[in-house]
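Pasting query.cif here (mmCIF, C-alpha atoms and all ligand atoms):
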```cif
data_upload
loop_
_atom_site.label_atom_id
_atom_site.label_comp_id
_atom_site.auth_asym_id
_atom_site.auth_seq_id
_atom_site.Cartn_x
_atom_site.Cartn_y
_atom_site.Cartn_z
CA MET A 1 25.03 7.38 -2.33
CA GLU A 2 23.55 8.08 1.09
CA ARG A 3 19.80 8.88 0.92
CA ILE A 4 17.85 10.93 3.45
CA ILE A 5 14.37 9.51 3.90
CA THR A 6 11.52 10.83 6.05
CA LEU A 7 10.46 8.30 8.67
CA ILE A 8 7.05 8.53 10.35
CA PRO A 9 6.70 5.76 12.97
CA GLY A 10 2.97 6.50 13.45
CA ASP A 11 0.48 5.35 16.07
CA GLY A 12 -0.25 2.09 17.93
CA ILE A 13 1.95 -0.75 16.66
CA GLY A 14 3.68 1.70 14.28
CA LYS A 15 6.82 2.36 16.30
CA GLY A 16 7.54 -1.35 16.87
CA ILE A 17 7.15 -2.43 13.25
CA ILE A 18 8.94 0.62 11.82
CA ASP A 19 11.86 0.09 14.26
CA ALA A 20 12.02 -3.51 13.05
CA THR A 21 12.11 -2.33 9.42
CA THR A 22 14.88 0.25 9.88
CA LYS A 23 17.03 -2.27 11.82
CA ILE A 24 16.60 -4.83 9.02
CA ILE A 25 17.42 -2.27 6.32
CA GLU A 26 20.50 -1.24 8.32
CA ALA A 27 21.60 -4.89 8.43
CA THR A 28 21.75 -4.98 4.59
CA GLY A 29 24.33 -2.18 4.59
CA ALA A 30 22.10 0.20 2.59
CA LYS A 31 23.16 3.77 3.33
CA ILE A 32 20.08 5.58 4.57
CA THR A 33 19.72 8.47 7.02
CA TRP A 34 16.25 8.58 8.57
CA ASP A 35 14.70 12.00 9.15
CA VAL A 36 12.23 11.08 11.93
CA GLN A 37 8.94 13.04 11.93
CA GLU A 38 5.56 12.82 13.61
CA ALA A 39 1.97 12.53 12.40
CA GLY A 40 -1.33 11.04 13.53
CA LEU A 41 -3.06 10.81 16.87
CA LEU A 42 0.11 11.25 18.94
CA ALA A 43 1.11 14.35 16.97
CA ASN A 44 -2.41 15.72 17.41
CA GLU A 45 -2.24 15.23 21.18
CA LYS A 46 1.22 16.82 21.33
CA TYR A 47 0.90 19.73 18.88
CA GLY A 48 -2.86 20.04 18.30
CA ASN A 49 -2.18 19.12 14.67
CA PRO A 50 -2.21 15.54 13.30
CA LEU A 51 -0.04 16.58 10.35
CA PRO A 52 2.57 19.10 11.58
CA GLU A 53 4.16 21.53 9.13
CA GLU A 54 7.63 20.09 9.93
CA THR A 55 6.52 16.66 8.69
CA LEU A 56 5.17 18.07 5.43
CA LYS A 57 8.38 20.08 4.90
CA SER A 58 10.52 17.01 5.50
CA ILE A 59 8.64 14.97 2.87
CA GLU A 60 8.71 17.92 0.47
CA LYS A 61 12.51 18.07 0.86
CA ASN A 62 13.33 14.36 0.83
CA LYS A 63 10.61 13.33 -1.67
CA ILE A 64 10.38 9.91 -0.12
CA ALA A 65 9.01 8.56 3.17
CA LEU A 66 8.47 5.35 5.09
CA LYS A 67 5.39 5.60 7.25
CA GLY A 68 3.76 3.53 9.96
CA PRO A 69 -0.02 3.37 10.39
CA LEU A 70 -1.89 6.42 11.67
CA THR A 71 -5.05 6.29 13.74
CA THR A 72 -8.08 8.13 12.33
CA PRO A 73 -10.89 8.84 14.79
CA VAL A 74 -14.20 7.36 13.54
CA GLY A 75 -17.13 9.70 12.78
CA VAL A 76 -15.71 12.76 14.59
CA GLY A 77 -12.35 14.56 14.81
CA PHE A 78 -9.74 15.07 12.08
CA ARG A 79 -10.01 13.52 8.62
CA SER A 80 -7.64 10.75 7.53
CA ILE A 81 -4.02 11.95 7.45
CA ASN A 82 -3.24 9.16 4.99
CA VAL A 83 -5.75 10.56 2.51
CA ALA A 84 -4.47 14.11 3.19
CA LEU A 85 -0.84 13.06 2.47
CA ARG A 86 -1.84 11.27 -0.73
CA GLN A 87 -3.74 14.32 -1.94
CA HIS A 88 -1.12 16.89 -0.81
CA PHE A 89 1.77 15.12 -2.56
CA LYS A 90 -0.39 14.03 -5.54
CA LEU A 91 0.47 10.38 -4.89
CA PHE A 92 -1.86 9.21 -7.60
CA ALA A 93 -0.97 5.50 -7.57
CA ASN A 94 -1.41 3.14 -4.64
CA VAL A 95 0.50 -0.02 -5.44
CA ARG A 96 -0.22 -3.15 -3.43
CA PRO A 97 1.63 -6.34 -4.32
CA ILE A 98 -0.21 -9.51 -3.23
CA LYS A 99 2.33 -12.33 -3.15
CA SER A 100 2.10 -15.67 -1.33
CA PHE A 101 4.86 -16.90 0.97
CA ASP A 102 5.51 -20.64 1.33
CA GLY A 103 4.80 -21.68 4.89
CA ILE A 104 2.10 -19.11 5.61
CA ASP A 105 -1.32 -20.76 5.80
CA SER A 106 -3.55 -19.13 3.24
CA LEU A 107 -6.46 -19.81 0.91
CA HIS A 108 -4.13 -20.11 -2.10
CA ASN A 109 -0.45 -20.71 -2.86
CA GLY A 110 1.44 -19.16 -5.74
CA VAL A 111 -0.56 -15.92 -5.86
CA ASP A 112 1.46 -13.12 -7.42
CA LEU A 113 -0.52 -10.08 -8.47
CA VAL A 114 -0.35 -6.32 -8.06
CA ILE A 115 -3.29 -4.05 -7.36
CA VAL A 116 -2.90 -0.52 -8.74
CA ARG A 117 -5.46 1.72 -7.07
CA GLU A 118 -6.24 5.29 -8.14
CA ASN A 119 -5.40 7.26 -5.04
CA THR A 120 -6.64 10.83 -5.36
CA GLU A 121 -10.31 10.93 -6.30
CA ASP A 122 -13.53 8.89 -6.34
CA LEU A 123 -15.52 9.02 -3.06
CA TYR A 124 -12.25 9.70 -1.18
CA LYS A 125 -12.32 13.35 -2.27
CA GLY A 126 -14.24 13.74 0.98
CA ILE A 127 -16.96 15.90 -0.56
CA GLU A 128 -19.96 15.04 1.58
CA TYR A 129 -22.63 16.91 3.44
CA MET A 130 -26.04 16.62 5.02
CA VAL A 131 -28.78 17.58 2.54
CA THR A 132 -31.34 17.55 5.35
CA LYS A 133 -30.81 16.26 8.86
CA ASP A 134 -31.86 12.77 7.64
CA VAL A 135 -30.17 12.67 4.22
CA ALA A 136 -26.41 12.56 3.62
CA GLU A 137 -24.76 12.98 0.23
CA SER A 138 -21.23 11.98 -0.88
CA ILE A 139 -19.90 12.97 -4.27
CA LYS A 140 -17.92 10.54 -6.42
CA ILE A 141 -15.45 12.30 -8.69
CA ILE A 142 -13.80 10.50 -11.62
CA THR A 143 -11.81 12.52 -14.16
CA LYS A 144 -10.42 11.44 -17.50
CA GLU A 145 -7.01 12.90 -16.60
CA ALA A 146 -6.62 10.84 -13.40
CA SER A 147 -8.07 7.73 -15.04
CA LEU A 148 -5.66 7.88 -17.99
CA LYS A 149 -2.76 8.49 -15.62
CA ILE A 150 -3.46 5.51 -13.37
CA CYS A 151 -4.17 3.19 -16.32
CA ASN A 152 -0.90 4.24 -18.00
CA PHE A 153 0.89 3.58 -14.70
CA ALA A 154 -0.68 0.10 -14.48
CA PHE A 155 0.35 -0.82 -18.04
CA ASP A 156 3.88 0.56 -17.51
CA LEU A 157 4.20 -1.47 -14.30
CA ALA A 158 2.98 -4.58 -16.18
CA ARG A 159 5.69 -4.04 -18.81
CA GLN A 160 8.45 -3.37 -16.26
CA GLU A 161 7.58 -6.46 -14.22
CA LYS A 162 6.98 -8.61 -17.32
CA ARG A 163 3.34 -9.20 -16.44
CA ASN A 164 1.05 -10.19 -19.30
CA LYS A 165 -2.40 -8.92 -18.36
CA VAL A 166 -4.12 -5.83 -16.93
CA THR A 167 -7.63 -6.28 -15.50
CA LEU A 168 -9.67 -3.10 -15.01
CA VAL A 169 -12.33 -3.19 -12.28
CA HIS A 170 -15.48 -1.03 -12.42
CA LYS A 171 -19.24 -0.86 -11.93
CA ALA A 172 -20.01 0.90 -15.19
CA ASN A 173 -23.26 -1.02 -15.61
CA ILE A 174 -24.69 1.09 -12.76
CA MET A 175 -22.43 4.18 -12.65
CA LYS A 176 -22.44 4.76 -16.38
CA PHE A 177 -20.84 8.22 -16.29
CA SER A 178 -18.18 7.93 -13.56
CA ASP A 179 -17.13 4.28 -13.85
CA GLY A 180 -17.97 4.45 -17.56
CA LEU A 181 -15.30 7.16 -17.93
CA PHE A 182 -12.76 5.07 -15.99
CA LEU A 183 -13.46 2.05 -18.22
CA LYS A 184 -13.27 4.09 -21.45
CA SER A 185 -9.96 5.61 -20.31
CA GLY A 186 -8.51 2.14 -19.59
CA ALA A 187 -9.58 0.88 -23.02
CA GLU A 188 -7.97 3.96 -24.65
CA VAL A 189 -4.67 3.38 -22.82
CA SER A 190 -4.70 -0.34 -23.63
CA SER A 191 -4.57 0.43 -27.36
CA ASN A 192 -0.98 1.68 -26.81
CA TYR A 193 0.07 -1.57 -25.12
CA LYS A 194 -0.73 -4.26 -27.67
CA ASP A 195 1.73 -6.66 -26.01
CA ILE A 196 -0.36 -6.75 -22.82
CA GLU A 197 -3.78 -8.38 -22.61
CA PHE A 198 -6.58 -6.10 -21.34
CA GLU A 199 -9.88 -7.12 -19.79
CA ASP A 200 -12.51 -5.51 -17.59
CA VAL A 201 -14.51 -7.10 -14.78
CA ILE A 202 -17.40 -5.70 -12.72
CA VAL A 203 -16.29 -5.19 -9.12
CA ASP A 204 -18.73 -7.56 -7.38
CA ALA A 205 -17.84 -10.39 -9.77
CA MET A 206 -14.17 -9.50 -9.28
CA ALA A 207 -14.44 -10.05 -5.51
CA MET A 208 -15.75 -13.57 -6.15
CA LYS A 209 -13.22 -14.33 -8.90
CA MET A 210 -10.28 -13.17 -6.80
CA VAL A 211 -11.33 -15.51 -4.00
CA MET A 212 -11.92 -18.46 -6.36
CA ASN A 213 -9.08 -18.01 -8.90
CA PRO A 214 -6.56 -15.35 -7.85
CA LYS A 215 -3.89 -16.84 -10.11
CA ASP A 216 -5.93 -15.64 -13.13
CA TYR A 217 -4.82 -12.08 -12.34
CA SER A 218 -1.54 -10.24 -12.71
CA VAL A 219 -2.15 -6.47 -12.60
CA ILE A 220 -5.51 -5.13 -11.41
CA VAL A 221 -6.29 -1.44 -11.90
CA ALA A 222 -9.22 0.12 -10.09
CA PRO A 223 -10.75 3.41 -8.94
CA ASN A 224 -10.03 4.35 -5.34
CA LEU A 225 -12.86 2.66 -3.40
CA TYR A 226 -12.87 -0.69 -5.26
CA GLY A 227 -9.07 -0.75 -5.14
CA ASP A 228 -9.13 -0.17 -1.39
CA ILE A 229 -11.58 -3.02 -0.76
CA LEU A 230 -10.01 -5.50 -3.20
CA SER A 231 -6.54 -4.81 -1.75
CA ASP A 232 -7.63 -6.00 1.68
CA LEU A 233 -9.38 -8.95 0.08
CA GLY A 234 -6.07 -9.70 -1.64
CA ALA A 235 -4.21 -9.48 1.67
CA GLY A 236 -6.72 -11.97 3.08
CA LEU A 237 -5.92 -14.41 0.27
CA ILE A 238 -2.26 -14.65 1.22
CA GLY A 239 -2.45 -14.72 5.01
CA GLY A 240 -3.70 -11.38 6.26
CA LEU A 241 -2.92 -7.71 6.69
CA GLY A 242 0.31 -8.41 8.58
CA ILE A 243 2.12 -9.38 5.35
CA ALA A 244 0.74 -6.86 2.83
CA PRO A 245 2.90 -3.84 1.83
CA SER A 246 2.05 -0.76 -0.20
CA GLY A 247 3.54 2.22 -1.97
CA ASN A 248 1.88 5.55 -2.71
CA ILE A 249 3.61 6.87 -5.80
CA GLY A 250 3.45 10.29 -7.45
CA GLU A 251 5.39 12.00 -10.25
CA ASN A 252 8.34 12.85 -7.99
CA CYS A 253 7.41 11.77 -4.47
CA ALA A 254 6.57 8.43 -2.86
CA ILE A 255 5.40 7.23 0.55
CA PHE A 256 5.66 3.56 1.48
CA GLU A 257 3.55 2.05 4.27
CA PRO A 258 2.04 -1.20 5.54
CA VAL A 259 -1.60 -1.56 4.45
CA HIS A 260 -2.91 -2.35 7.91
CA GLY A 261 -3.90 0.17 10.59
CA SER A 262 -2.47 1.00 14.01
CA ALA A 263 -4.00 -2.16 15.57
CA PRO A 264 -4.87 -0.61 18.95
CA ASP A 265 -5.97 -4.06 20.22
CA ILE A 266 -2.36 -5.33 20.18
CA ALA A 267 -0.39 -2.08 20.57
CA GLY A 268 2.37 -2.13 23.20
CA LYS A 269 2.45 -5.96 23.40
CA ASN A 270 5.45 -6.53 21.09
CA ILE A 271 3.47 -9.14 19.10
CA ALA A 272 2.67 -7.25 15.87
CA ASN A 273 3.86 -8.81 12.65
CA PRO A 274 6.36 -6.37 11.07
CA THR A 275 6.39 -8.18 7.68
CA SER A 276 4.05 -5.70 5.99
CA ALA A 277 6.24 -2.78 7.10
CA ILE A 278 9.42 -4.66 6.13
CA LEU A 279 8.03 -5.42 2.65
CA SER A 280 7.05 -1.75 2.32
CA GLY A 281 10.72 -1.04 3.10
CA VAL A 282 11.65 -3.47 0.31
CA MET A 283 9.42 -1.54 -2.12
CA LEU A 284 11.14 1.67 -0.98
CA LEU A 285 14.61 0.16 -1.54
CA LYS A 286 13.63 -0.89 -5.08
CA TYR A 287 12.25 2.62 -5.72
CA ILE A 288 15.64 4.13 -4.81
CA LYS A 289 17.37 1.39 -6.84
CA GLU A 290 18.97 -0.35 -3.83
CA PHE A 291 18.17 -3.68 -5.51
CA GLU A 292 20.80 -5.73 -3.68
CA ALA A 293 19.56 -4.68 -0.24
CA ALA A 294 15.95 -5.33 -1.31
CA SER A 295 16.79 -8.78 -2.58
CA LYS A 296 18.67 -9.68 0.63
CA ILE A 297 15.61 -8.81 2.73
CA GLU A 298 13.24 -10.71 0.44
CA LYS A 299 15.42 -13.83 0.60
CA ALA A 300 15.81 -13.63 4.38
CA LEU A 301 12.07 -13.11 4.90
CA GLU A 302 11.21 -16.04 2.62
CA GLU A 303 13.54 -18.27 4.64
CA VAL A 304 12.26 -17.17 8.06
CA LEU A 305 8.58 -17.33 7.07
CA LYS A 306 9.01 -20.92 5.83
CA ASP A 307 9.37 -22.05 9.43
CA LYS A 308 6.09 -21.57 11.27
CA GLU A 309 7.81 -21.64 14.68
CA LYS A 310 9.69 -18.50 13.64
CA CYS A 311 6.60 -16.52 12.60
CA THR A 312 4.64 -14.03 14.69
CA ILE A 313 1.42 -15.05 16.46
CA ASP A 314 -1.03 -13.61 13.87
CA ILE A 315 0.17 -16.18 11.30
CA GLY A 316 0.39 -19.12 13.66
CA GLY A 317 3.91 -18.67 15.02
CA LYS A 318 5.31 -18.04 18.48
CA LEU A 319 7.77 -15.17 18.13
CA SER A 320 7.46 -11.60 19.35
CA THR A 321 8.09 -8.67 17.00
CA THR A 322 11.63 -8.32 18.36
CA GLU A 323 12.46 -12.04 18.08
CA PHE A 324 11.11 -12.21 14.52
CA THR A 325 13.15 -9.13 13.57
CA ASN A 326 16.31 -10.70 15.01
CA ALA A 327 15.61 -13.92 13.08
CA VAL A 328 15.42 -11.95 9.79
CA ILE A 329 18.60 -10.02 10.63
CA GLY A 330 20.32 -13.33 11.43
CA LYS A 331 19.38 -14.70 7.98
CA ILE A 332 20.60 -11.53 6.24
CA LYS A 333 23.99 -11.94 7.96
CA ASP A 334 24.14 -15.59 6.78
CA LEU A 335 23.48 -14.70 3.12
P1 LIG A 401 -6.12 -2.56 11.77
O1 LIG A 401 -5.50 -2.92 10.47
O2 LIG A 401 -5.36 -1.68 12.66
O3 LIG A 401 -6.45 -3.93 12.57
C1 LIG A 401 -7.33 -4.94 12.08
C2 LIG A 401 -6.97 -6.27 12.77
O4 LIG A 401 -5.75 -6.77 12.22
C3 LIG A 401 -6.75 -6.13 14.27
O5 LIG A 401 -7.22 -7.27 14.93
C4 LIG A 401 -5.23 -6.05 14.41
O6 LIG A 401 -4.73 -6.55 15.64
C5 LIG A 401 -4.76 -6.92 13.24
N1 LIG A 401 -3.48 -6.46 12.71
C6 LIG A 401 -3.26 -5.35 11.95
N2 LIG A 401 -1.97 -5.24 11.67
C7 LIG A 401 -1.35 -6.28 12.27
C8 LIG A 401 0.00 -6.69 12.34
N3 LIG A 401 1.00 -6.01 11.74
N4 LIG A 401 0.29 -7.80 13.05
C9 LIG A 401 -0.67 -8.50 13.64
N5 LIG A 401 -1.98 -8.18 13.61
C10 LIG A 401 -2.31 -7.06 12.92
O7 LIG A 401 -7.56 -1.94 11.44
P2 LIG A 401 -8.56 -1.15 12.37
O8 LIG A 401 -8.61 -1.76 13.73
O9 LIG A 401 -9.78 -1.05 11.57
O10 LIG A 401 -7.95 0.32 12.47
C11 LIG A 401 -7.24 0.83 13.58
C12 LIG A 401 -6.83 2.25 13.25
O11 LIG A 401 -5.90 2.26 12.17
C13 LIG A 401 -7.99 3.15 12.83
O12 LIG A 401 -7.82 4.39 13.46
C14 LIG A 401 -7.82 3.28 11.33
O13 LIG A 401 -8.33 4.51 10.84
C15 LIG A 401 -6.30 3.22 11.21
N6 LIG A 401 -5.83 2.76 9.88
C16 LIG A 401 -4.72 3.36 9.39
C17 LIG A 401 -4.18 2.96 8.18
C18 LIG A 401 -2.93 3.63 7.71
O14 LIG A 401 -2.35 4.42 8.44
N7 LIG A 401 -2.46 3.34 6.51
C19 LIG A 401 -4.79 1.89 7.39
C20 LIG A 401 -5.95 1.28 8.02
C21 LIG A 401 -6.44 1.73 9.22
#
```
Show this structure as structure tokens.
Amino acid sequence: MERIITLIPGDGIGKGIIDATTKIIEATGAKITWDVQEAGLLANEKYGNPLPEETLKSIEKNKIALKGPLTTPVGVGFRSINVALRQHFKLFANVRPIKSFDGIDSLHNGVDLVIVRENTEDLYKGIEYMVTKDVAESIKIITKEASLKICNFAFDLARQEKRNKVTLVHKANIMKFSDGLFLKSGAEVSSNYKDIEFEDVIVDAMAMKMVMNPKDYSVIVAPNLYGDILSDLGAGLIGGLGIAPSGNIGENCAIFEPVHGSAPDIAGKNIANPTSAILSGVMLLKYIKEFEAASKIEKALEEVLKDKEKCTIDIGGKLSTTEFTNAVIGKIKDL
């Protein structure tokens, strides 16, 4: 069945890596019509709105989107469109697989874990204000409802992917009410999943443990801020932001996107690594049950990434974005 999917190329390197992804998906034969929409800095310059109504309507209709990175001005200007989209569509789970590829230089080989980050609350609610001109206050919101939901999602994902352990990350020794509630909710959910081991680790210790022994972890569930930080740490373990995908999943809507930003330092040079966007496309294909197309891309990527000469510059290779994309398409055609 042909699917219509909203496509937001985004800012900076976005267009290049999203073009690469759609060409690669097309090469698998998956039947997808892309409904191209705008958001971010470019949309703001063009329409005076970083998140145009048309874009929201398109996602509302299609219920699924592939998105490139969007620039968020620092300190001044509009708030993060990524956070706005996650809140608008109630995309409560941010899923970030952290999987090593042979051939990519990294701190560890054989890492295969998934970080499930609560995506709608915590300090990312954006409730902050100046108490006096010299004192700023940000409010951290943790609710039982959202905590139970994300922990259930993490245990369900563990079951589906035949993973044997869920590790909950918190700082409940200091934030006894907010993180305490998150921890209690995780423990409550775990009692319904006796087949899956459950443990909890304090976030600072978790950062150290992930660096030292990432293979000890399979599914990590965390409130928004810790999940955000540990996800990038995880990307660093396997070779960097250029190869880390993500999915923002809600009850009946999902947006897939690379975890990195718009990389203004390399925009327009045709050297960005599209792997993170391509793997986000793979997550999307699995979500719409196009398993054969997803598997073709995974196999082709694994093959291409084995050969350092065929990688992009950020991971020690020589190829441009376009050349790398053509190498992956070539492998798909050989499969
Ligand atoms: P960034 O992720 O854009 O870049 C960090 C470093 O990684 C840069 O040196 C960049 O060249 C490199 N890099 C990132 N992606 C790469 C790729 N695919 N291939 C090769 N190298 C890559 O983070 P930064 O500079 O902090 O943010 C730039 C903008 O992106 C900001 O406006 C930020 O708000 C936005 N951003 C957007 C995100 C999203 O839309 N999901 C996520 C993170 C940041």
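With all atoms listed in the file as the atoms that count, the minimum distance from ligand LIG 401 (chain A) to the choices A:Arg159, A:His108, A:Arg79, A:Lys310 is reached by A:Arg79.
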The residue from A:Glu292, A:Tyr47, A:Ser276, A:Leu241 with the smallest atom-to-atom distance to Ser106 of chain A, counting all atoms listed in the file, is A:Leu241
Skip Glu2 of chain A itself and residues of its chain fewer than 4 positions away, then list as number ranges by chain all residues within 9 Å of it, counting all atoms listed in the file.
A: 30-33
Ligand LIG 401 (chain A): which residues are within 6 Å, counting all atoms listed in the file, as a ChimeraX atom specification?
/A:69-73,82,241-242,259-263,265-266,272-274,314
Residue with smallest distance to Ile196 of chain A - pool A:Lys162, A:Arg117, A:Lys171, A:Lys99, counting only C-alpha atoms
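Nearest candidate to Ile196 of chain A out of A:Lys162, A:Arg117, A:Lys171, A:Lys99: A:Lys162.
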Residues of segment 227-335 of chain A at most 12 Å from segment 143-157 of chain A: nearest atom pair and distance in Å, only C-alpha atoms, as a Markdown table:
```
| residue | atom | partner | partner_atom | distance |
| --- | --- | --- | --- | --- |
| A:Gly227 | CA | A:Ile150 | CA | 11.8 |
| A:Asn248 | CA | A:Ile150 | CA | 11.9 |
| A:Ile249 | CA | A:Phe153 | CA | 9.9 |
| A:Gly250 | CA | A:Phe153 | CA | 10.2 |
| A:Glu251 | CA | A:Lys149 | CA | 10.4 |
```
Can you work out the spacing between atom CA of Lys23 of chain A and atom CA of Asn326 of chain A in Å, to one decimal?
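These two atoms are separated by 9.0 Å.
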Give me, please, the distance in Å between atom CA of Asn252 of chain A and atom CA of Leu66 of chain A, quoted to one decimal.
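Between these atoms lies a distance of 15.1 Å.
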So, counting all atoms listed in the file, which residue among A:Val166, A:Ala244, A:Ile64, A:Leu285 is closest to Lys194 of chain A?
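Selected residue with least distance to Lys194 of chain A: A:Val166.
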Atomic distance atom CA of Arg163 of chain A - atom CA of Ile220 of chain A, expressed in Å with one decimal
11.0 Å
Show me, as a PyMOL selection string, the residues that have an atom within 8 Å of Gly247 of chain A when counting all atoms listed in the file, minus same-chain residues fewer than 3 positions from it.
chain A and resi 93-96+254-257+280+283-284
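Within 9 Å of Leu168 of chain A, once all atoms listed in the file are used and residues closer than 5 positions along the same chain are dropped, the contacting residues are Cys151, Phe182, Leu183, Gly186, Ala187, Phe198, Glu199, Asp200, Val201, Ile202, Val219, Ile220, Val221, Ala222 and Pro223 of chain A.
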Option closest in space to Leu56 of chain A, from A:Ala300, A:Val116, A:Cys253, A:Ala136 [counting all atoms listed in the file]
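The answer is A:Cys253, which sits nearest to Leu56 of chain A.
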Test item: residues at most 6 Å from Ala65 of chain A, only C-alpha atoms, excluding those fewer than 3 positions along its chain, as a VMD selection string:
chain A and resid 5 to 7 255
